[in-house]
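Coordinates from final_38.pdb are shown below (PDB, C-alpha atoms and all ligand atoms).
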```pdb
ATOM      1  CA  MET G   4     104.765  61.646 113.263
ATOM      2  CA  GLU G   5     106.957  62.751 110.381
ATOM      3  CA  SER G   6     106.311  66.295 109.254
ATOM      4  CA  PHE G   7     106.838  67.301 105.652
ATOM      5  CA  ILE G   8     106.477  70.970 106.589
ATOM      6  CA  LYS G   9     109.505  70.525 108.845
ATOM      7  CA  ALA G  10     111.394  68.624 106.126
ATOM      8  CA  ILE G  11     110.660  71.419 103.630
ATOM      9  CA  SER G  12     112.083  74.022 106.002
ATOM     10  CA  ASP G  13     115.048  71.860 107.053
ATOM     11  CA  ARG G  14     116.112  70.774 103.520
ATOM     12  CA  ILE G  15     119.157  72.364 101.990
ATOM     13  CA  SER G  16     121.377  71.232  99.110
ATOM     14  CA  VAL G  17     124.233  69.149 100.501
ATOM     15  CA  ARG G  18     127.342  68.871  98.324
ATOM     16  CA  THR G  19     129.861  67.774 100.956
ATOM     17  CA  PHE G  20     129.214  64.364 102.512
ATOM     18  CA  SER G  21     130.782  62.559 105.472
ATOM     19  CA  ASP G  22     131.975  58.957 105.210
ATOM     20  CA  GLN G  23     129.324  57.757 107.674
ATOM     21  CA  PRO G  24     127.442  54.993 105.863
ATOM     22  CA  ILE G  25     123.657  54.944 105.684
ATOM     23  CA  GLU G  26     122.221  52.334 108.083
ATOM     24  CA  LYS G  27     120.480  49.287 106.580
ATOM     25  CA  GLU G  28     117.076  50.252 107.982
ATOM     26  CA  LYS G  29     117.299  53.745 106.510
ATOM     27  CA  ARG G  30     118.435  52.348 103.183
ATOM     28  CA  SER G  31     115.391  50.123 103.025
ATOM     29  CA  ILE G  32     113.106  53.092 103.849
ATOM     30  CA  ILE G  33     114.744  54.963 100.951
ATOM     31  CA  ILE G  34     114.182  52.020  98.629
ATOM     32  CA  ASP G  35     110.505  51.895  99.686
ATOM     33  CA  SER G  36     110.233  55.587  98.940
ATOM     34  CA  LEU G  37     111.754  55.098  95.451
ATOM     35  CA  ARG G  38     109.234  52.353  94.736
ATOM     36  CA  SER G  39     106.177  54.176  96.090
ATOM     37  CA  ASN G  40     106.694  57.460  94.221
ATOM     38  CA  GLN G  41     106.424  56.391  90.617
ATOM     39  CA  GLU G  42     103.432  58.270  89.285
ATOM     40  CA  GLY G  43     103.015  62.029  89.271
ATOM     41  CA  PRO G  44      99.865  64.168  89.453
ATOM     42  CA  PHE G  45      99.767  64.445  85.630
ATOM     43  CA  GLY G  46      99.770  60.644  85.351
ATOM     44  CA  ASN G  47     103.287  60.076  83.975
ATOM     45  CA  ARG G  48     105.048  56.986  85.259
ATOM     46  CA  MET G  49     108.755  57.058  86.063
ATOM     47  CA  ARG G  50     111.390  55.071  87.890
ATOM     48  CA  PHE G  51     114.087  55.819  90.431
ATOM     49  CA  GLU G  52     117.228  53.744  90.909
ATOM     50  CA  LEU G  53     119.971  53.706  93.549
ATOM     51  CA  ILE G  54     123.565  53.755  92.369
ATOM     52  CA  ASP G  55     126.033  52.518  94.958
ATOM     53  CA  LEU G  56     129.531  53.783  94.189
ATOM     54  CA  ASP G  57     130.999  51.048  96.398
ATOM     55  CA  GLU G  58     129.814  48.545  93.798
ATOM     56  CA  ILE G  59     131.475  50.143  90.782
ATOM     57  CA  ASP G  60     135.088  50.823  89.835
ATOM     58  CA  GLU G  61     136.940  54.146  89.943
ATOM     59  CA  LYS G  62     136.769  54.636  86.176
ATOM     60  CA  GLU G  63     133.001  54.288  86.108
ATOM     61  CA  ILE G  64     132.650  56.591  89.120
ATOM     62  CA  LYS G  65     134.685  59.252  87.310
ATOM     63  CA  SER G  66     132.504  58.867  84.217
ATOM     64  CA  LEU G  67     129.438  59.971  86.233
ATOM     65  CA  GLY G  68     130.827  63.493  86.154
ATOM     66  CA  THR G  69     129.838  64.654  89.634
ATOM     67  CA  TYR G  70     133.437  64.813  90.777
ATOM     68  CA  GLY G  71     134.359  68.259  92.074
ATOM     69  CA  MET G  72     130.750  69.327  92.438
ATOM     70  CA  ILE G  73     129.855  66.671  95.008
ATOM     71  CA  THR G  74     132.386  65.462  97.571
ATOM     72  CA  GLY G  75     132.254  62.227  99.562
ATOM     73  CA  ALA G  76     128.870  60.833  98.474
ATOM     74  CA  ARG G  77     128.758  57.033  98.031
ATOM     75  CA  LEU G  78     125.149  56.715  96.931
ATOM     76  CA  TYR G  79     123.087  58.404  94.214
ATOM     77  CA  ILE G  80     119.439  58.372  93.208
ATOM     78  CA  ALA G  81     118.821  58.590  89.456
ATOM     79  CA  SER G  82     115.449  59.284  87.841
ATOM     80  CA  ALA G  83     114.214  58.071  84.456
ATOM     81  CA  VAL G  84     111.082  59.037  82.524
ATOM     82  CA  SER G  85     109.804  59.009  78.940
ATOM     83  CA  ASP G  86     109.629  62.274  77.066
ATOM     84  CA  THR G  87     105.875  62.831  77.416
ATOM     85  CA  ASP G  88     103.665  65.828  78.180
ATOM     86  CA  ARG G  89     104.228  67.175  81.730
ATOM     87  CA  ALA G  90     106.836  64.491  82.494
ATOM     88  CA  MET G  91     109.153  67.149  83.925
ATOM     89  CA  GLU G  92     106.544  68.404  86.409
ATOM     90  CA  ASP G  93     105.834  64.809  87.455
ATOM     91  CA  ILE G  94     109.549  64.102  87.994
ATOM     92  CA  GLY G  95     109.837  67.265  90.091
ATOM     93  CA  TYR G  96     106.849  66.278  92.205
ATOM     94  CA  CYS G  97     107.861  62.641  92.830
ATOM     95  CA  PHE G  98     111.610  63.192  93.225
ATOM     96  CA  GLU G  99     110.979  65.984  95.735
ATOM     97  CA  LYS G 100     108.805  63.628  97.828
ATOM     98  CA  ILE G 101     111.746  61.206  97.910
ATOM     99  CA  ILE G 102     114.149  64.012  98.829
ATOM    100  CA  LEU G 103     111.889  65.160 101.668
ATOM    101  CA  SER G 104     111.610  61.587 102.992
ATOM    102  CA  ALA G 105     115.421  61.440 102.983
ATOM    103  CA  THR G 106     115.508  64.793 104.828
ATOM    104  CA  ASN G 107     113.197  63.291 107.442
ATOM    105  CA  LEU G 108     115.729  60.474 107.911
ATOM    106  CA  GLY G 109     118.425  63.059 108.652
ATOM    107  CA  LEU G 110     120.068  62.568 105.248
ATOM    108  CA  GLY G 111     121.438  65.172 102.863
ATOM    109  CA  THR G 112     120.611  65.386  99.158
ATOM    110  CA  CYS G 113     121.195  67.774  96.268
ATOM    111  CA  TRP G 114     118.962  68.162  93.223
ATOM    112  CA  MET G 115     121.182  67.970  90.149
ATOM    113  CA  GLY G 116     119.786  68.677  86.726
ATOM    114  CA  GLY G 117     122.894  69.927  85.012
ATOM    115  CA  THR G 118     126.199  69.149  86.678
ATOM    116  CA  PHE G 119     126.516  65.434  85.917
ATOM    117  CA  LYS G 120     127.101  63.229  82.861
ATOM    118  CA  ARG G 121     123.579  62.330  81.804
ATOM    119  CA  ALA G 122     124.683  59.629  79.358
ATOM    120  CA  SER G 123     126.798  57.825  81.974
ATOM    121  CA  PHE G 124     123.981  57.792  84.523
ATOM    122  CA  ALA G 125     121.573  56.623  81.801
ATOM    123  CA  LYS G 126     123.903  53.760  80.939
ATOM    124  CA  LYS G 127     124.347  52.830  84.590
ATOM    125  CA  ILE G 128     120.585  52.432  85.090
ATOM    126  CA  ASP G 129     120.043  50.773  81.689
ATOM    127  CA  ALA G 130     117.839  53.565  80.393
ATOM    128  CA  SER G 131     115.917  52.527  77.322
ATOM    129  CA  GLU G 132     115.989  54.573  74.125
ATOM    130  CA  GLY G 133     112.868  56.544  74.986
ATOM    131  CA  GLU G 134     113.919  57.261  78.558
ATOM    132  CA  MET G 135     115.592  60.451  79.746
ATOM    133  CA  VAL G 136     117.456  61.020  82.998
ATOM    134  CA  PRO G 137     116.273  64.502  83.985
ATOM    135  CA  ALA G 138     117.899  64.668  87.414
ATOM    136  CA  VAL G 139     119.964  62.796  89.966
ATOM    137  CA  SER G 140     120.839  63.376  93.613
ATOM    138  CA  PRO G 141     123.571  62.189  95.945
ATOM    139  CA  ILE G 142     122.261  60.909  99.262
ATOM    140  CA  GLY G 143     124.114  60.478 102.546
ATOM    141  CA  TYR G 144     125.101  62.183 105.767
ATOM    142  CA  ALA G 145     126.224  65.776 105.402
ATOM    143  CA  HIS G 146     129.803  66.530 106.377
ATOM    144  CA  GLU G 147     129.990  68.967 109.263
ATOM    145  CA  ARG G 148     132.116  71.330 107.172
ATOM    146  CA  ARG G 149     131.481  72.360 103.590
ATOM    147  CA  THR G 150     134.285  72.387 101.052
ATOM    148  CA  ILE G 151     135.367  75.755  99.676
ATOM    149  CA  LYS G 152     133.808  74.889  96.320
ATOM    150  CA  ASP G 153     130.501  73.979  97.998
ATOM    151  CA  LYS G 154     130.507  77.372  99.764
ATOM    152  CA  ALA G 155     131.306  79.117  96.485
ATOM    153  CA  ILE G 156     128.436  77.388  94.645
ATOM    154  CA  ARG G 157     125.985  78.455  97.355
ATOM    155  CA  ARG G 158     127.257  82.022  97.194
ATOM    156  CA  PHE G 159     127.136  82.094  93.401
ATOM    157  CA  ALA G 160     123.556  80.747  93.234
ATOM    158  CA  LYS G 161     122.544  82.970  96.194
ATOM    159  CA  SER G 162     121.153  79.736  97.617
ATOM    160  CA  ASP G 163     120.230  81.186 100.983
ATOM    161  CA  LYS G 164     118.007  83.878  99.488
ATOM    162  CA  ARG G 165     114.464  83.695  98.160
ATOM    163  CA  LYS G 166     112.182  86.142  96.359
ATOM    164  CA  SER G 167     109.655  87.999  98.497
ATOM    165  CA  TRP G 168     105.981  87.088  98.826
ATOM    166  CA  GLU G 169     105.060  90.136  96.756
ATOM    167  CA  GLU G 170     107.090  88.880  93.801
ATOM    168  CA  LEU G 171     105.647  85.366  93.852
ATOM    169  CA  PHE G 172     102.039  85.369  95.014
ATOM    170  CA  PHE G 173      99.066  87.342  93.739
ATOM    171  CA  ASP G 174      95.454  88.021  94.596
ATOM    172  CA  GLU G 175      93.170  87.620  91.561
ATOM    173  CA  ASP G 176      95.540  89.317  89.116
ATOM    174  CA  THR G 177      99.244  89.982  88.827
ATOM    175  CA  ASP G 178      98.817  93.663  89.698
ATOM    176  CA  THR G 179      97.794  92.777  93.247
ATOM    177  CA  PRO G 180     100.306  90.974  95.470
ATOM    178  CA  LEU G 181      98.911  88.490  97.988
ATOM    179  CA  SER G 182     100.384  89.460 101.321
ATOM    180  CA  GLN G 183     101.321  86.938 103.951
ATOM    181  CA  ALA G 184      98.748  88.554 106.262
ATOM    182  CA  ASN G 185      95.943  88.070 103.710
ATOM    183  CA  SER G 186      96.737  84.485 102.834
ATOM    184  CA  GLY G 187      94.871  83.055 105.843
ATOM    185  CA  LYS G 188      95.063  79.306 106.272
ATOM    186  CA  TYR G 189      97.210  78.999 103.130
ATOM    187  CA  GLU G 190     100.119  80.995 104.530
ATOM    188  CA  THR G 191     102.179  77.893 105.358
ATOM    189  CA  SER G 192     101.501  76.147 102.029
ATOM    190  CA  LEU G 193     102.582  79.226 100.099
ATOM    191  CA  GLU G 194     105.615  79.747 102.312
ATOM    192  CA  CYS G 195     106.567  76.104 101.634
ATOM    193  CA  VAL G 196     106.526  76.875  97.896
ATOM    194  CA  ARG G 197     108.593  80.019  98.436
ATOM    195  CA  ILE G 198     111.404  78.326 100.359
ATOM    196  CA  GLY G 199     111.680  75.390  97.942
ATOM    197  CA  PRO G 200     114.685  74.523  95.799
ATOM    198  CA  SER G 201     114.823  75.485  92.124
ATOM    199  CA  ALA G 202     117.359  75.168  89.344
ATOM    200  CA  SER G 203     120.016  77.887  89.750
ATOM    201  CA  ASN G 204     117.714  79.195  92.511
ATOM    202  CA  LEU G 205     115.712  81.080  89.860
ATOM    203  CA  GLN G 206     112.361  80.488  91.627
ATOM    204  CA  PRO G 207     110.160  80.542  88.513
ATOM    205  CA  TRP G 208     106.901  79.672  90.330
ATOM    206  CA  ARG G 209     104.106  82.232  90.523
ATOM    207  CA  ILE G 210     100.733  81.634  92.157
ATOM    208  CA  ILE G 211      97.505  83.565  91.667
ATOM    209  CA  LYS G 212      94.694  83.047  94.187
ATOM    210  CA  GLU G 213      91.219  83.207  92.766
ATOM    211  CA  LYS G 214      88.905  85.750  94.340
ATOM    212  CA  GLY G 215      86.395  84.321  96.784
ATOM    213  CA  ARG G 216      87.522  80.720  96.223
ATOM    214  CA  GLU G 217      90.131  78.447  97.728
ATOM    215  CA  THR G 218      91.678  77.931  94.310
ATOM    216  CA  PHE G 219      95.317  78.628  93.481
ATOM    217  CA  HIS G 220      96.569  78.847  89.907
ATOM    218  CA  LEU G 221     100.206  77.912  89.325
ATOM    219  CA  TYR G 222     102.188  79.633  86.587
ATOM    220  CA  LEU G 223     105.726  79.328  85.306
ATOM    221  CA  LYS G 224     107.677  82.493  84.721
ATOM    222  CA  ARG G 225     110.566  81.354  82.566
ATOM    223  CA  THR G 226     114.045  82.767  82.617
ATOM    224  CA  LYS G 227     114.758  83.540  78.962
ATOM    225  CA  GLY G 228     117.268  81.253  77.315
ATOM    226  CA  TYR G 229     117.581  79.000  80.353
ATOM    227  CA  GLU G 230     115.814  76.013  78.777
ATOM    228  CA  LYS G 231     117.942  76.015  75.643
ATOM    229  CA  ALA G 232     121.096  74.590  77.175
ATOM    230  CA  LEU G 233     119.760  71.104  77.939
ATOM    231  CA  LYS G 234     118.141  69.130  75.155
ATOM    232  CA  GLY G 235     114.641  68.089  76.193
ATOM    233  CA  ILE G 236     115.301  68.555  79.906
ATOM    234  CA  ASP G 237     113.236  71.461  81.121
ATOM    235  CA  LEU G 238     114.556  72.279  84.583
ATOM    236  CA  GLN G 239     112.064  75.060  85.231
ATOM    237  CA  SER G 240     109.156  72.679  84.672
ATOM    238  CA  ILE G 241     110.803  70.361  87.202
ATOM    239  CA  ASP G 242     110.763  73.361  89.572
ATOM    240  CA  MET G 243     106.996  73.606  89.009
ATOM    241  CA  GLY G 244     106.557  69.975  90.079
ATOM    242  CA  ILE G 245     108.543  70.721  93.231
ATOM    243  CA  ALA G 246     106.230  73.682  93.942
ATOM    244  CA  MET G 247     103.167  71.428  93.503
ATOM    245  CA  CYS G 248     104.679  68.897  95.876
ATOM    246  CA  HIS G 249     105.390  71.491  98.564
ATOM    247  CA  PHE G 250     101.991  73.182  98.288
ATOM    248  CA  GLU G 251     100.104  69.891  98.473
ATOM    249  CA  LEU G 252     102.127  68.277 101.275
ATOM    250  CA  ALA G 253     101.870  71.377 103.465
ATOM    251  CA  ALA G 254      98.130  71.748 102.809
ATOM    252  CA  GLN G 255      97.550  68.063 103.544
ATOM    253  CA  GLU G 256      99.444  68.250 106.798
ATOM    254  CA  LEU G 257      97.240  71.160 107.863
ATOM    255  CA  GLY G 258      94.074  69.215 107.045
ATOM    256  CA  LEU G 259      93.416  71.045 103.763
ATOM    257  CA  GLU G 260      92.584  68.397 101.202
ATOM    258  CA  GLY G 261      92.551  69.487  97.620
ATOM    259  CA  LYS G 262      92.846  68.367  94.050
ATOM    260  CA  TRP G 263      94.869  69.390  91.019
ATOM    261  CA  GLU G 264      93.009  70.134  87.834
ATOM    262  CA  GLU G 265      93.265  72.307  84.769
ATOM    263  CA  GLN G 266      91.208  75.435  85.344
ATOM    264  CA  GLU G 267      93.071  78.060  83.409
ATOM    265  CA  PRO G 268      91.591  81.475  84.230
ATOM    266  CA  THR G 269      90.233  83.383  81.266
ATOM    267  CA  ASN G 270      91.893  86.690  82.136
ATOM    268  CA  ALA G 271      95.157  87.024  80.289
ATOM    269  CA  VAL G 272      98.385  86.726  82.233
ATOM    270  CA  ARG G 273     101.415  88.237  80.565
ATOM    271  CA  ASN G 274     104.794  86.482  80.296
ATOM    272  CA  MET G 275     103.763  83.394  82.199
ATOM    273  CA  GLU G 276     102.784  79.843  81.268
ATOM    274  CA  TYR G 277      99.798  78.291  82.997
ATOM    275  CA  VAL G 278     100.575  74.920  84.610
ATOM    276  CA  THR G 279      97.731  73.748  86.847
ATOM    277  CA  SER G 280      95.397  74.736  89.690
ATOM    278  CA  TRP G 281      94.800  73.419  93.198
ATOM    279  CA  THR G 282      91.307  73.616  94.675
ATOM    280  CA  HIS G 283      90.224  72.850  98.217
ATOM    281  CA  MET G 284      87.684  70.049  98.387
TER     282      MET G 284
HETATM  283  C1  LIG G 301     115.662  71.110  89.073
HETATM  284  C2  LIG G 301     116.911  71.491  89.827
HETATM  285  C3  LIG G 301     118.160  71.308  89.237
HETATM  286  C4  LIG G 301     119.326  71.625  89.938
HETATM  287  N1  LIG G 301     120.538  71.362  89.344
HETATM  288  C5  LIG G 301     121.681  71.541  90.072
HETATM  289  C6  LIG G 301     122.929  71.117  89.522
HETATM  290  O1  LIG G 301     123.023  70.631  88.392
HETATM  291  N2  LIG G 301     124.041  71.280  90.291
HETATM  292  C7  LIG G 301     123.992  71.806  91.545
HETATM  293  O2  LIG G 301     125.027  71.892  92.200
HETATM  294  N3  LIG G 301     122.810  72.214  92.102
HETATM  295  C8  LIG G 301     121.652  72.090  91.391
HETATM  296  N4  LIG G 301     120.436  72.449  91.946
HETATM  297  C9  LIG G 301     120.375  72.984  93.309
HETATM  298  C10 LIG G 301     120.028  74.477  93.364
HETATM  299  O3  LIG G 301     121.132  75.263  93.007
HETATM  300  C11 LIG G 301     119.546  74.822  94.794
HETATM  301  O4  LIG G 301     118.369  74.109  95.061
HETATM  302  C12 LIG G 301     119.283  76.306  95.003
HETATM  303  O5  LIG G 301     120.475  77.047  94.851
HETATM  304  C13 LIG G 301     118.714  76.594  96.403
HETATM  305  O6  LIG G 301     119.572  76.136  97.401
HETATM  306  P1  LIG G 301     119.096  75.067  98.473
HETATM  307  O7  LIG G 301     118.683  73.817  97.723
HETATM  308  O8  LIG G 301     120.274  74.812  99.365
HETATM  309  O9  LIG G 301     117.914  75.638  99.228
HETATM  310  C14 LIG G 301     119.246  72.171  91.248
HETATM  311  C15 LIG G 301     117.986  72.366  91.829
HETATM  312  C16 LIG G 301     116.832  72.026  91.140
HETATM  313  C17 LIG G 301     115.509  72.194  91.807
END
```
The structure given in the file should be rewritten as structure tokens.
Amino acid sequence: MESFIKAISDRISVRTFSDQPIEKEKRSIIIDSLRSNQEGPFGNRMRFELIDLDEIDEKEIKSLGTYGMITGARLYIASAVSDTDRAMEDIGYCFEKIILSATNLGLGTCWMGGTFKRASFAKKIDASEGEMVPAVSPIGYAHERRTIKDKAIRRFAKSDKRKSWEELFFDEDTDTPLSQANSGKYETSLECVRIGPSASNLQPWRIIKEKGRETFHLYLKRTKGYEKALKGIDLQSIDMGIAMCHFELAAQELGLEGKWEEQEPTNAVRNMEYVTSWTHM
């Protein structure tokens, strides 16, 4: 049986692709995955489209603006969503499910929210006026050796490092870290959040466990100034959707069913934005 916990720990951003084409069967599984992940936990609907570079000319390929950053990829997934409340979280959640399904097929991907020409991708997928293209990803087989630029990007973003448990997870209030040892049956779900991808590897997710209940409150700790660069595209809220996806998939796989609902705690939390809460059912 396919394991999402394994996919979450295996996934890594791939920026150097081999020329091995994706088999027909795998391509149709990807297409199924694009079609079956179109509504996020906040109820926003979105669409995902495949862009096959073998079907477009060199000039159009260049216009997509991934050249230099991504090497060798022949296929891209592009997302499109209307600019509505919590659309970014929903894109993060659904796109990450697609990325993890691709990981389970042995394919490489790379979340891209900044280093591509948004307008060219939007044109390619016939985005309507109200639609934004928050993120895209190449998809294909990873090359066995990374390019020098790929290595440099990973080094620059410190992509192989993550914040510690103490910095991310809390017990009742932000003065009390939730240790791995005290997290009980939620250790894996939390670890799956911790090792997830995030824009510039900034890891803005914070989780506070409620005392005496199997309820986890998710907060966003923004990096100041980070959201200003991209009009309307809030990459750190996409990161929050990815965190929701990882927490839920890991919990589900371990037999912990739960639901997302707004249950903002009344005690004040400084410097963080409340997003949502997960409760065991
Ligand atoms: C929302 C989002 C946007 C991202 N945008 C880019 C991007 O524009 N270009 C890029 O090369 N990597 C991008 N990344 C990849 C991150 O740099 C990467 O996930 C992080 O450094 C951790 O490395 P890993 O994915 O290999 O675990 C993005 C990741 C996320 C989640």
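From atom CA of Met115 of chain G back to atom CA of Ser85 of chain G, the distance works out to 18.3 Å.
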| message | Using only C-alpha atoms and all ligand atoms for the distances, tell me which of G:Asp242, G:Asp174, G:Glu213, G:Glu190 is nearest to ligand LIG 301 (chain G). | response | G:Asp242
Evaluate the PyMOL selection byres (((chain G and resi 191) around 10) and not hetatm) here and jot the selected residues down as a compact mmCIF listing (two decimals) with C-alpha atoms, in the coordinates of the input.
```
# COMPACT_ATOMS: atom_id res chain seq x y z
CA ILE G 8 106.48 70.97 106.59
CA GLN G 183 101.32 86.94 103.95
CA SER G 186 96.74 84.48 102.83
CA GLY G 187 94.87 83.06 105.84
CA LYS G 188 95.06 79.31 106.27
CA TYR G 189 97.21 79.00 103.13
CA GLU G 190 100.12 81.00 104.53
CA SER G 192 101.50 76.15 102.03
CA LEU G 193 102.58 79.23 100.10
CA GLU G 194 105.62 79.75 102.31
CA CYS G 195 106.57 76.10 101.63
CA VAL G 196 106.53 76.88 97.90
CA ARG G 197 108.59 80.02 98.44
CA HIS G 249 105.39 71.49 98.56
CA PHE G 250 101.99 73.18 98.29
CA ALA G 253 101.87 71.38 103.46
CA ALA G 254 98.13 71.75 102.81
CA LEU G 257 97.24 71.16 107.86
```
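With the shown file loaded, the PyMOL selection byres (((not hetatm)) within 6 of (chain G and resi 301)) picks out Ile15, Ser16, Trp114, Met115, Gly116, Gly117, Thr118, Ala160, Ser162, Pro200, Ser201, Ala202, Ser203, Asn204, Leu238, Ile241 and Asp242 of chain G.
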| request: For the structure shown, which residues end up in the PyMOL selection byres (((chain G and resi 283) around 10) and not hetatm)? Put them as number ranges by chain, please? | output: G: 216-219, 254, 259-263, 281-282, 284
At a cut-off of 7 Å, can you tabulate as a tab-separated table every residue of segment 108-212 of chain G near segment 68-76 of chain G together with its closest atom pair and the distance in Å to one decimal, using all atoms listed in the file and ordering rows by chain then number?
```
residue	atom	partner	partner_atom	distance
G:Thr118	CA	G:Thr69	CA	6.5
G:Phe119	CA	G:Gly68	CA	4.7
G:Lys120	CA	G:Gly68	CA	5.0
G:Pro141	CA	G:Ala76	CA	6.0
G:Ile142	CA	G:Ala76	CA	6.7
G:Gly143	CA	G:Ala76	CA	6.3
```
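Here atom CA of Glu175 of chain G is placed at a distance of 22.2 Å from atom CA of Gly244 of chain G.
You can rank G:Leu53, G:Cys97, G:Ile64, G:Ala145 by their closest distance to Leu78 of chain G using all atoms listed in the file, and at the top of that list sits G:Leu53.
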| remark: In terms of all atoms listed in the file, the residue from G:Ile54, G:Ile236, G:Ile245, G:Ile33 at minimal distance from Asp129 of chain G is G:Ile54
